[in-house]
>>> print(open('run33.tsv').read())   # TSV, C-alpha atoms
chain	number	residue	atom	x	y	z
A	8	MET	CA	0.00	0.00	0.00
A	9	PRO	CA	1.37	3.46	-0.87
A	10	ILE	CA	2.62	5.03	2.34
A	11	PHE	CA	0.33	8.07	2.23
A	12	ASN	CA	-2.90	6.11	1.81
A	13	ASP	CA	-3.63	5.35	5.46
A	14	THR	CA	-6.92	7.19	5.84
A	15	LYS	CA	-7.44	5.91	9.39
A	16	VAL	CA	-4.36	7.89	10.47
A	17	ALA	CA	-5.16	10.85	8.20
A	18	PHE	CA	-8.70	11.42	9.50
A	19	ALA	CA	-8.43	10.12	13.06
A	20	ASP	CA	-9.67	13.47	14.45
A	21	LYS	CA	-12.60	13.87	12.03
A	22	THR	CA	-16.16	12.76	12.71
A	23	ASP	CA	-18.29	11.18	10.00
A	24	ALA	CA	-20.28	14.42	9.74
A	25	GLN	CA	-17.11	16.49	9.27
A	26	LEU	CA	-15.88	14.14	6.56
A	27	ARG	CA	-19.21	14.27	4.73
A	28	LYS	CA	-19.18	18.07	4.84
A	29	ALA	CA	-15.60	18.15	3.53
A	30	TYR	CA	-16.53	15.70	0.77
A	31	TRP	CA	-19.46	17.88	-0.31
A	32	MET	CA	-17.26	20.98	-0.35
A	33	PHE	CA	-14.41	19.45	-2.37
A	34	LYS	CA	-17.03	18.06	-4.74
A	35	MET	CA	-18.25	21.62	-5.36
A	36	ILE	CA	-14.69	22.92	-5.77
A	37	GLU	CA	-14.00	20.17	-8.31
A	38	GLN	CA	-16.24	21.97	-10.84
A	39	PRO	CA	-14.23	24.89	-12.35
A	40	ALA	CA	-17.27	26.75	-13.71
A	41	LEU	CA	-19.13	26.40	-10.42
A	42	THR	CA	-16.07	27.49	-8.45
A	43	SER	CA	-15.57	30.56	-10.67
A	44	LEU	CA	-19.20	31.61	-10.37
A	45	GLY	CA	-19.37	30.78	-6.66
A	46	THR	CA	-16.26	32.75	-5.73
A	47	SER	CA	-17.48	35.82	-7.63
A	48	ILE	CA	-20.84	35.71	-5.85
A	49	LEU	CA	-19.12	35.02	-2.53
A	50	ASN	CA	-16.79	38.01	-2.80
A	51	PHE	CA	-19.71	40.29	-3.74
A	52	THR	CA	-22.11	39.16	-1.01
A	53	VAL	CA	-19.55	39.18	1.81
A	54	HIS	CA	-18.15	42.54	0.70
A	55	ASN	CA	-21.68	43.94	0.83
A	56	ASN	CA	-22.35	42.55	4.30
A	57	PHE	CA	-24.93	39.85	3.66
A	58	PRO	CA	-24.86	38.39	7.21
A	59	PHE	CA	-26.42	35.03	6.34
A	60	VAL	CA	-23.72	34.47	3.68
A	61	THR	CA	-20.99	35.19	6.23
A	62	GLY	CA	-22.52	32.51	8.45
A	63	ILE	CA	-22.58	29.98	5.61
A	64	VAL	CA	-18.97	30.75	4.72
A	65	LYS	CA	-17.86	30.34	8.33
A	66	ASN	CA	-19.46	26.91	8.54
A	67	THR	CA	-18.07	25.63	5.22
A	68	LEU	CA	-14.94	27.00	3.48
A	69	PHE	CA	-13.75	28.90	6.54
A	70	GLU	CA	-14.14	25.90	8.85
A	71	GLN	CA	-12.26	23.67	6.38
A	72	PHE	CA	-9.29	25.96	5.67
A	73	CYS	CA	-9.02	28.33	8.69
A	74	GLY	CA	-8.36	27.98	12.40
A	75	GLY	CA	-10.70	30.75	13.54
A	76	GLU	CA	-11.28	34.49	13.46
A	77	THR	CA	-8.68	35.19	16.16
A	78	ARG	CA	-5.52	33.56	17.48
A	79	GLU	CA	-7.32	32.65	20.68
A	80	GLU	CA	-10.17	31.00	18.79
A	81	SER	CA	-7.63	29.14	16.62
A	82	MET	CA	-5.83	27.67	19.63
A	83	LYS	CA	-8.38	24.84	19.79
A	84	VAL	CA	-7.08	23.66	16.40
A	85	VAL	CA	-3.45	24.30	17.40
A	86	LYS	CA	-3.78	22.11	20.49
A	87	GLN	CA	-5.58	19.36	18.59
A	88	LEU	CA	-2.87	19.28	15.90
A	89	PHE	CA	-0.04	19.33	18.43
A	90	LYS	CA	-1.49	16.34	20.31
A	91	ARG	CA	-0.57	14.42	17.17
A	92	GLY	CA	2.84	16.02	16.76
A	93	VAL	CA	1.85	18.61	14.13
A	94	GLY	CA	2.88	22.25	14.54
A	95	SER	CA	0.78	25.24	13.47
A	96	ILE	CA	1.91	28.34	11.61
A	97	PHE	CA	-0.47	31.24	12.18
A	98	ASP	CA	-1.15	32.89	8.82
A	99	TYR	CA	-2.94	36.22	9.25
A	100	SER	CA	-4.74	36.01	5.92
A	101	ILE	CA	-5.76	39.58	5.21
A	102	GLU	CA	-5.22	40.33	1.52
A	103	GLY	CA	-5.77	43.11	-0.99
A	104	LYS	CA	-5.26	46.25	1.13
A	105	GLU	CA	-2.56	48.81	0.26
A	106	ASP	CA	-2.52	51.69	2.75
A	107	GLU	CA	0.03	52.60	5.38
A	108	GLU	CA	-2.46	52.22	8.22
A	109	THR	CA	-3.15	48.61	7.21
A	110	PHE	CA	0.56	47.86	6.76
A	111	ASP	CA	1.25	49.10	10.29
A	112	ALA	CA	-1.72	47.21	11.70
A	113	VAL	CA	-0.62	43.94	10.07
A	114	CYS	CA	2.94	44.46	11.28
A	115	LYS	CA	1.61	44.90	14.81
A	116	GLU	CA	-0.47	41.73	14.41
A	117	ILE	CA	2.57	39.75	13.26
A	118	LYS	CA	4.58	40.99	16.25
A	119	ASP	CA	1.68	40.04	18.51
A	120	ILE	CA	1.80	36.52	17.01
A	121	VAL	CA	5.51	36.35	17.90
A	122	ARG	CA	4.81	37.32	21.53
A	123	PHE	CA	1.79	35.02	21.66
A	124	SER	CA	3.86	32.04	20.49
A	125	VAL	CA	6.94	32.50	22.69
A	126	GLY	CA	7.72	29.31	24.57
A	127	ASN	CA	5.06	27.32	22.68
A	128	PRO	CA	6.59	24.52	20.57
A	129	ALA	CA	3.19	23.98	18.92
A	130	ILE	CA	3.85	27.20	16.95
A	131	PRO	CA	7.33	26.66	15.42
A	132	PHE	CA	7.27	29.41	12.77
A	133	ILE	CA	5.96	32.94	12.23
A	134	VAL	CA	5.02	33.95	8.67
A	135	PHE	CA	4.13	37.07	6.70
A	136	LYS	CA	3.81	38.19	3.08
A	137	PRO	CA	6.02	41.03	1.82
A	138	THR	CA	2.97	42.85	0.44
A	139	ALA	CA	1.47	42.83	3.94
A	140	PHE	CA	4.16	45.44	4.74
A	141	GLY	CA	4.27	47.49	1.53
A	142	ARG	CA	2.83	48.10	-1.95
A	143	ILE	CA	3.68	45.62	-4.69
A	144	ASP	CA	4.46	48.49	-7.11
A	145	LEU	CA	7.04	49.81	-4.68
A	146	TYR	CA	8.75	46.41	-4.43
A	147	GLU	CA	8.81	46.27	-8.22
A	148	ALA	CA	10.41	49.72	-8.50
A	149	VAL	CA	13.03	48.91	-5.86
A	150	GLY	CA	13.77	45.53	-7.49
A	151	LYS	CA	14.36	47.18	-10.87
A	152	GLY	CA	16.65	49.78	-9.34
A	153	ALA	CA	14.36	52.62	-10.44
A	154	GLU	CA	15.02	56.15	-9.23
A	155	LEU	CA	12.68	56.65	-6.28
A	156	THR	CA	11.03	59.92	-5.35
A	157	THR	CA	11.59	61.30	-1.86
A	158	SER	CA	8.21	60.02	-0.72
A	159	GLN	CA	8.90	56.59	-2.22
A	160	LYS	CA	12.25	56.43	-0.41
A	161	GLU	CA	10.49	57.23	2.86
A	162	GLU	CA	7.84	54.63	2.07
A	163	TRP	CA	10.50	51.98	1.39
A	164	GLU	CA	12.26	52.85	4.64
A	165	ARG	CA	8.99	52.05	6.44
A	166	VAL	CA	8.81	48.67	4.65
A	167	VAL	CA	12.38	47.87	5.72
A	168	ARG	CA	11.57	48.98	9.28
A	169	ARG	CA	8.56	46.63	9.44
A	170	PHE	CA	10.67	43.72	8.21
A	171	ASP	CA	13.39	44.53	10.72
A	172	GLU	CA	11.02	44.93	13.67
A	173	VAL	CA	9.52	41.48	13.08
A	174	CYS	CA	12.84	39.74	12.38
A	175	SER	CA	14.49	41.42	15.36
A	176	LEU	CA	11.66	40.36	17.68
A	177	CYS	CA	11.88	36.79	16.37
A	178	HIS	CA	15.64	36.80	16.93
A	179	GLU	CA	15.18	38.05	20.51
A	180	ASN	CA	12.62	35.33	21.23
A	181	ASP	CA	14.25	32.48	19.28
A	182	LYS	CA	11.31	32.10	16.87
A	183	LYS	CA	11.77	31.23	13.21
A	184	VAL	CA	10.09	33.56	10.70
A	185	MET	CA	9.25	32.73	7.09
A	186	VAL	CA	8.71	35.39	4.43
A	187	ASP	CA	6.30	34.18	1.77
A	188	ALA	CA	7.08	34.54	-1.95
A	189	GLU	CA	4.71	36.37	-4.26
A	190	GLU	CA	4.70	37.58	-7.89
A	191	THR	CA	8.00	37.50	-9.77
A	192	TRP	CA	8.02	41.22	-10.55
A	193	MET	CA	8.25	42.12	-6.87
A	194	GLN	CA	10.44	39.22	-5.73
A	195	ASP	CA	13.91	40.66	-6.43
A	196	ALA	CA	13.40	43.37	-3.82
A	197	ALA	CA	11.92	40.88	-1.36
A	198	ASP	CA	14.85	38.49	-1.89
A	199	ARG	CA	17.39	41.23	-1.22
A	200	LEU	CA	15.53	42.34	1.89
A	201	CYS	CA	15.41	38.75	3.16
A	202	GLU	CA	19.14	38.40	2.58
A	203	GLU	CA	19.78	41.59	4.56
A	204	MET	CA	17.71	40.18	7.44
A	205	MET	CA	19.51	36.82	7.25
A	206	GLU	CA	22.91	38.50	7.36
A	207	LYS	CA	21.79	40.42	10.43
A	208	TYR	CA	19.89	37.74	12.36
A	209	ASN	CA	21.10	34.31	11.09
A	210	GLN	CA	24.64	34.46	12.47
A	211	GLN	CA	24.13	31.55	14.89
A	212	LYS	CA	21.25	29.68	13.22
A	213	PRO	CA	18.47	30.28	10.68
A	214	ILE	CA	15.90	32.65	12.21
A	215	VAL	CA	14.83	34.34	8.94
A	216	TRP	CA	13.64	32.04	6.12
A	217	ASN	CA	12.91	33.14	2.55
A	218	THR	CA	10.55	31.31	0.19
A	219	ILE	CA	11.73	29.84	-3.12
A	220	GLN	CA	9.15	29.04	-5.81
A	221	MET	CA	10.46	26.14	-7.88
A	222	TYR	CA	7.86	26.51	-10.64
A	223	ARG	CA	9.95	29.53	-11.61
A	224	THR	CA	12.98	29.35	-13.87
A	225	LYS	CA	16.44	30.36	-12.57
A	226	ARG	CA	15.61	29.76	-8.90
A	227	LEU	CA	18.19	27.03	-8.49
A	228	GLU	CA	20.84	29.41	-9.84
A	229	TYR	CA	19.68	32.02	-7.32
A	230	MET	CA	20.03	29.54	-4.46
A	231	GLU	CA	23.54	28.59	-5.54
A	232	GLU	CA	24.63	32.23	-5.78
A	233	HIS	CA	22.95	33.05	-2.47
A	234	LEU	CA	24.79	30.18	-0.76
A	235	GLN	CA	28.08	31.63	-1.96
A	236	ARG	CA	27.16	35.04	-0.49
A	237	ALA	CA	26.10	33.41	2.79
A	238	ARG	CA	29.40	31.55	3.05
A	239	GLU	CA	31.36	34.75	2.38
A	240	LYS	CA	29.39	36.65	5.04
A	241	ASN	CA	29.17	33.64	7.37
A	242	TYR	CA	25.44	33.34	8.06
A	243	PHE	CA	22.91	30.53	7.85
A	244	ILE	CA	20.13	30.20	5.26
A	245	GLY	CA	16.55	29.16	5.86
A	246	TYR	CA	14.36	28.37	2.84
A	247	LYS	CA	10.76	27.44	2.44
A	248	ILE	CA	10.70	25.42	-0.80
A	249	VAL	CA	7.39	25.45	-2.68
A	250	ARG	CA	6.23	24.96	-6.25
A	251	GLY	CA	4.19	28.17	-6.58
A	252	ALA	CA	0.67	29.54	-6.88
A	253	TYR	CA	0.54	32.37	-9.44
A	254	MET	CA	1.10	30.49	-12.70
A	255	GLU	CA	-1.83	31.82	-14.77
A	256	LYS	CA	-1.22	35.40	-13.65
A	257	GLU	CA	2.52	35.13	-14.37
A	258	ARG	CA	2.06	33.71	-17.86
A	259	ALA	CA	-0.61	36.27	-18.77
A	260	ARG	CA	1.53	39.22	-17.62
A	261	ALA	CA	4.62	37.95	-19.45
A	262	ALA	CA	2.61	37.60	-22.67
A	263	GLU	CA	0.99	41.01	-22.25
A	264	LYS	CA	4.25	42.85	-21.55
A	265	GLY	CA	6.39	40.83	-23.95
A	266	TYR	CA	9.04	39.46	-21.60
A	267	GLU	CA	10.30	35.90	-21.15
A	268	ASP	CA	7.85	33.63	-19.34
A	269	PRO	CA	9.35	33.17	-15.83
A	270	ILE	CA	7.46	29.91	-15.22
A	271	GLN	CA	8.67	26.39	-16.04
A	272	PRO	CA	7.18	25.13	-19.35
A	273	ASN	CA	5.15	22.30	-17.78
A	274	LYS	CA	4.44	20.38	-14.59
A	275	GLU	CA	7.19	17.84	-15.29
A	276	ALA	CA	9.78	20.65	-15.45
A	277	SER	CA	8.42	22.15	-12.21
A	278	ASP	CA	8.60	18.78	-10.49
A	279	LYS	CA	12.15	18.23	-11.74
A	280	ASN	CA	13.16	21.69	-10.47
A	281	TYR	CA	11.53	21.02	-7.08
A	282	ASN	CA	13.45	17.77	-6.79
A	283	ALA	CA	16.66	19.64	-7.69
A	284	GLY	CA	15.84	22.01	-4.84
A	285	ILE	CA	15.60	19.02	-2.50
A	286	ASP	CA	19.03	17.85	-3.64
A	287	PHE	CA	20.48	21.34	-3.18
A	288	VAL	CA	19.30	21.50	0.43
A	289	MET	CA	20.40	17.96	1.26
A	290	ASN	CA	23.88	18.64	-0.12
A	291	HIS	CA	24.34	21.80	1.96
A	292	LEU	CA	22.78	21.06	5.35
A	293	ASP	CA	25.83	22.58	7.03
A	294	LYS	CA	24.55	26.00	5.91
A	295	VAL	CA	20.98	25.52	4.65
A	296	SER	CA	17.78	24.45	6.42
A	297	ALA	CA	14.51	23.91	4.60
A	298	PHE	CA	10.78	23.82	5.16
A	299	PHE	CA	9.39	21.78	2.26
A	300	GLY	CA	5.90	23.07	1.57
A	301	THR	CA	4.30	20.40	-0.58
A	302	HIS	CA	1.07	18.50	-1.16
A	303	ASN	CA	2.89	16.13	-3.49
A	304	GLU	CA	3.28	12.56	-2.22
A	305	VAL	CA	6.21	11.79	-4.56
A	306	SER	CA	8.20	14.83	-3.39
A	307	SER	CA	7.47	14.03	0.26
A	308	GLU	CA	8.68	10.46	-0.14
A	309	LEU	CA	11.78	11.63	-2.04
A	310	ILE	CA	12.73	13.94	0.86
A	311	MET	CA	12.30	11.05	3.29
A	312	ASP	CA	14.46	8.81	1.09
A	313	LYS	CA	17.20	11.46	0.84
A	314	MET	CA	17.19	11.88	4.62
A	315	LYS	CA	17.51	8.13	5.09
A	316	ALA	CA	20.33	7.93	2.54
A	317	LYS	CA	22.24	10.55	4.54
A	318	SER	CA	21.49	8.74	7.84
A	319	LEU	CA	19.53	11.72	9.18
A	320	GLU	CA	17.10	11.07	11.99
A	321	ASN	CA	13.45	11.71	11.08
A	322	GLY	CA	13.26	14.72	13.39
A	323	ASN	CA	16.42	16.39	12.06
A	324	PRO	CA	16.15	20.11	12.95
A	325	HIS	CA	17.25	21.23	9.47
A	326	VAL	CA	14.31	19.61	7.65
A	327	TYR	CA	10.62	20.46	8.00
A	328	PHE	CA	7.57	19.43	6.01
A	329	GLY	CA	4.46	21.56	5.65
A	330	GLN	CA	0.94	21.49	4.24
A	331	LEU	CA	-2.04	23.82	4.34
A	332	TYR	CA	-4.68	23.29	7.00
A	333	GLY	CA	-7.66	21.44	5.56
A	334	MET	CA	-5.67	19.65	2.88
A	335	SER	CA	-3.37	16.64	2.48
A	336	ASP	CA	-3.97	15.25	5.97
A	337	ASN	CA	-2.83	11.90	4.55
A	338	ILE	CA	0.69	13.35	4.18
A	339	THR	CA	0.76	15.48	7.33
A	340	PHE	CA	-0.31	12.85	9.81
A	341	TYR	CA	1.73	10.05	8.28
A	342	LEU	CA	4.84	12.22	8.68
A	343	SER	CA	3.99	13.22	12.25
A	344	ASP	CA	3.25	9.59	13.10
A	345	LYS	CA	6.79	8.71	11.96
A	346	GLY	CA	8.42	11.52	13.95
A	347	TYR	CA	9.22	13.99	11.16
A	348	ASN	CA	9.02	17.75	11.73
A	349	VAL	CA	5.72	18.78	10.13
A	350	ALA	CA	3.45	21.81	10.44
A	351	LYS	CA	0.23	23.12	8.99
A	352	TYR	CA	-0.24	26.66	7.70
A	353	LEU	CA	-3.21	27.81	9.80
A	354	PRO	CA	-4.93	30.90	8.36
A	355	TYR	CA	-7.05	33.06	10.63
A	356	GLY	CA	-8.81	36.43	10.58
A	357	PRO	CA	-12.31	37.93	10.34
A	358	VAL	CA	-14.42	35.94	7.87
A	359	LYS	CA	-15.06	38.98	5.66
A	360	ASP	CA	-11.35	39.81	5.41
A	361	VAL	CA	-10.28	36.19	4.79
A	362	VAL	CA	-12.71	35.61	1.88
A	363	PRO	CA	-10.11	36.65	-0.78
A	364	TYR	CA	-7.77	33.98	0.65
A	365	LEU	CA	-10.55	31.38	0.71
A	366	THR	CA	-11.64	32.03	-2.87
A	367	ARG	CA	-8.01	31.85	-4.04
A	368	ARG	CA	-7.66	28.54	-2.20
A	369	ALA	CA	-10.78	27.19	-3.92
A	370	GLN	CA	-9.54	28.33	-7.34
A	371	GLU	CA	-6.08	26.82	-6.76
A	372	ASN	CA	-7.65	23.50	-5.78
A	373	THR	CA	-9.58	23.57	-9.03
A	374	SER	CA	-6.51	24.31	-11.15
A	375	VAL	CA	-3.98	21.96	-9.51
A	376	ALA	CA	-4.24	18.73	-11.46
A	377	GLY	CA	-5.59	15.90	-9.35
A	378	GLN	CA	-5.49	17.70	-5.98
A	379	THR	CA	-9.25	17.85	-5.39
A	380	GLY	CA	-9.71	14.34	-6.76
A	381	ARG	CA	-7.14	13.01	-4.29
A	382	GLU	CA	-8.91	14.72	-1.37
A	383	LEU	CA	-12.26	13.30	-2.49
A	384	GLY	CA	-10.86	9.81	-3.00
A	385	LEU	CA	-9.27	9.70	0.45
A	386	ILE	CA	-12.40	11.00	2.21
A	387	LYS	CA	-14.57	8.49	0.36
A	388	LYS	CA	-12.18	5.66	1.23
A	389	GLU	CA	-12.28	6.55	4.92
A	390	LEU	CA	-16.07	6.81	5.03
A	391	GLU	CA	-16.32	3.38	3.39
A	392	ARG	CA	-13.75	1.94	5.82
A	393	ARG	CA	-15.78	3.19	8.77
A	394	LYS	CA	-18.99	1.66	7.38
A	395	LYS	CA	-17.34	-1.77	7.33
A	396	GLN	CA	-16.25	-1.62	10.97
>>> encode(input="run33.tsv", output="structure tokens")
Amino acid sequence: MPIFNDTKVAFADKTDAQLRKAYWMFKMIEQPALTSLGTSILNFTVHNNFPFVTGIVKNTLFEQFCGGETREESMKVVKQLFKRGVGSIFDYSIEGKEDEETFDAVCKEIKDIVRFSVGNPAIPFIVFKPTAFGRIDLYEAVGKGAELTTSQKEEWERVVRRFDEVCSLCHENDKKVMVDAEETWMQDAADRLCEEMMEKYNQQKPIVWNTIQMYRTKRLEYMEEHLQRAREKNYFIGYKIVRGAYMEKERARAAEKGYEDPIQPNKEASDKNYNAGIDFVMNHLDKVSAFFGTHNEVSSELIMDKMKAKSLENGNPHVYFGQLYGMSDNITFYLSDKGYNVAKYLPYGPVKDVVPYLTRRAQENTSVAGQTGRELGLIKKELERRKKQ
């Protein structure tokens, strides 16, 4: 039996009713046209304060993919996951706002998460998105080396300050912090900022971790060059290794603006690049630690095989696995059952503010080949297993 097919382990914490609800929801998500129409209606109704819709969302999509509306509310999920050896990464999932007041408020929230999680091994990482601290257009301008106006320079200084305040607080409290990756046209500036933070705060061990999207071209070359810089400046690297989530948007923008497509030509090339990223990390564990964010069973098993080949214990502190809450429990709980370091991204926030995240999650599930089908198949298998007991 394939190692990630043990549904009894995967769904040990779920009731029959919860599994049936999840099955119904993934079944809806499986239909691209229905998902597209549903997410449009959902965004409109929630934005316009239809209270009954908010209630429906909270009891369906929100319940499946989020921990709660607040950190305190989410702690029930955190404790339940940690009982089974799975960490939680609070993801304050507010998206789509671009004003200084919001940037400051989110920065404060991230710092509050750091303080909230101090001394709690159930929350091993802090995470934030670069665009939670500054405008994407500003990152793009900085990345291109454009001449900034005085106000833009001041604005960028505030972005750098927010990064530094969070990274400094994590360093003081021995908490690891991951910076998510976003669109390619803003990533150069984010990469450089992450490197600055690593040089400052990763002198003893990796506190600051950058995210590498392996569905992009030239990322392996970046990692190799970055490692050389880290060796020269004598600091440690932390990477979250993912495939990526902006493929359609990236391809469309490249075609519209007439520049080289930054995305791998097909899934096979992306998978090959991801596997090369695994090799890169495993060959440089003296300097590089990695959090492998993946819902791919083949990649997960490959990482395990590489660890075994290098005689690394399952709980080696340089290697983490991660999945999103509400998905791929078959991978998460198998890994935790075998003593690997594994954590779930646990989004939280007011239902209305988290809807953009939820609709993106639904659309990604529709577009990722086989993902929704796998979830449905596993849930169905477990329900049938329980019937036979």
>>> closest_residue(input="run33.tsv", among="A:Tyr341, A:Phe69, A:Phe287, A:Phe299", to="A:Glu228", atoms="all atoms listed in the file")
A:Phe287
>>> atom_distance(input="run33.tsv", atom1="atom CA of A:Val362", atom2="atom CA of A:Gly333")
15.5 Å
>>> closest_residue(input="run33.tsv", among="A:Asp119, A:Glu190, A:Glu206, A:Glu172", to="A:Ala261", atoms="only C-alpha atoms")
A:Glu190
>>> axis_aligned_box(input="run33.tsv", around="stretch 265-277 of chain A", padding_each_side="5 Å", output="AutoDock Vina command-line options")
--center_x 7.4 --center_y 29.3 --center_z -18.1 --size_x 15.9 --size_y 33.0 --size_z 21.7
>>> closest_residue(input="run33.tsv", among="A:Met311, A:Leu383, A:Val84, A:Gln378", to="A:Asp20", atoms="all atoms listed in the file")
A:Val84
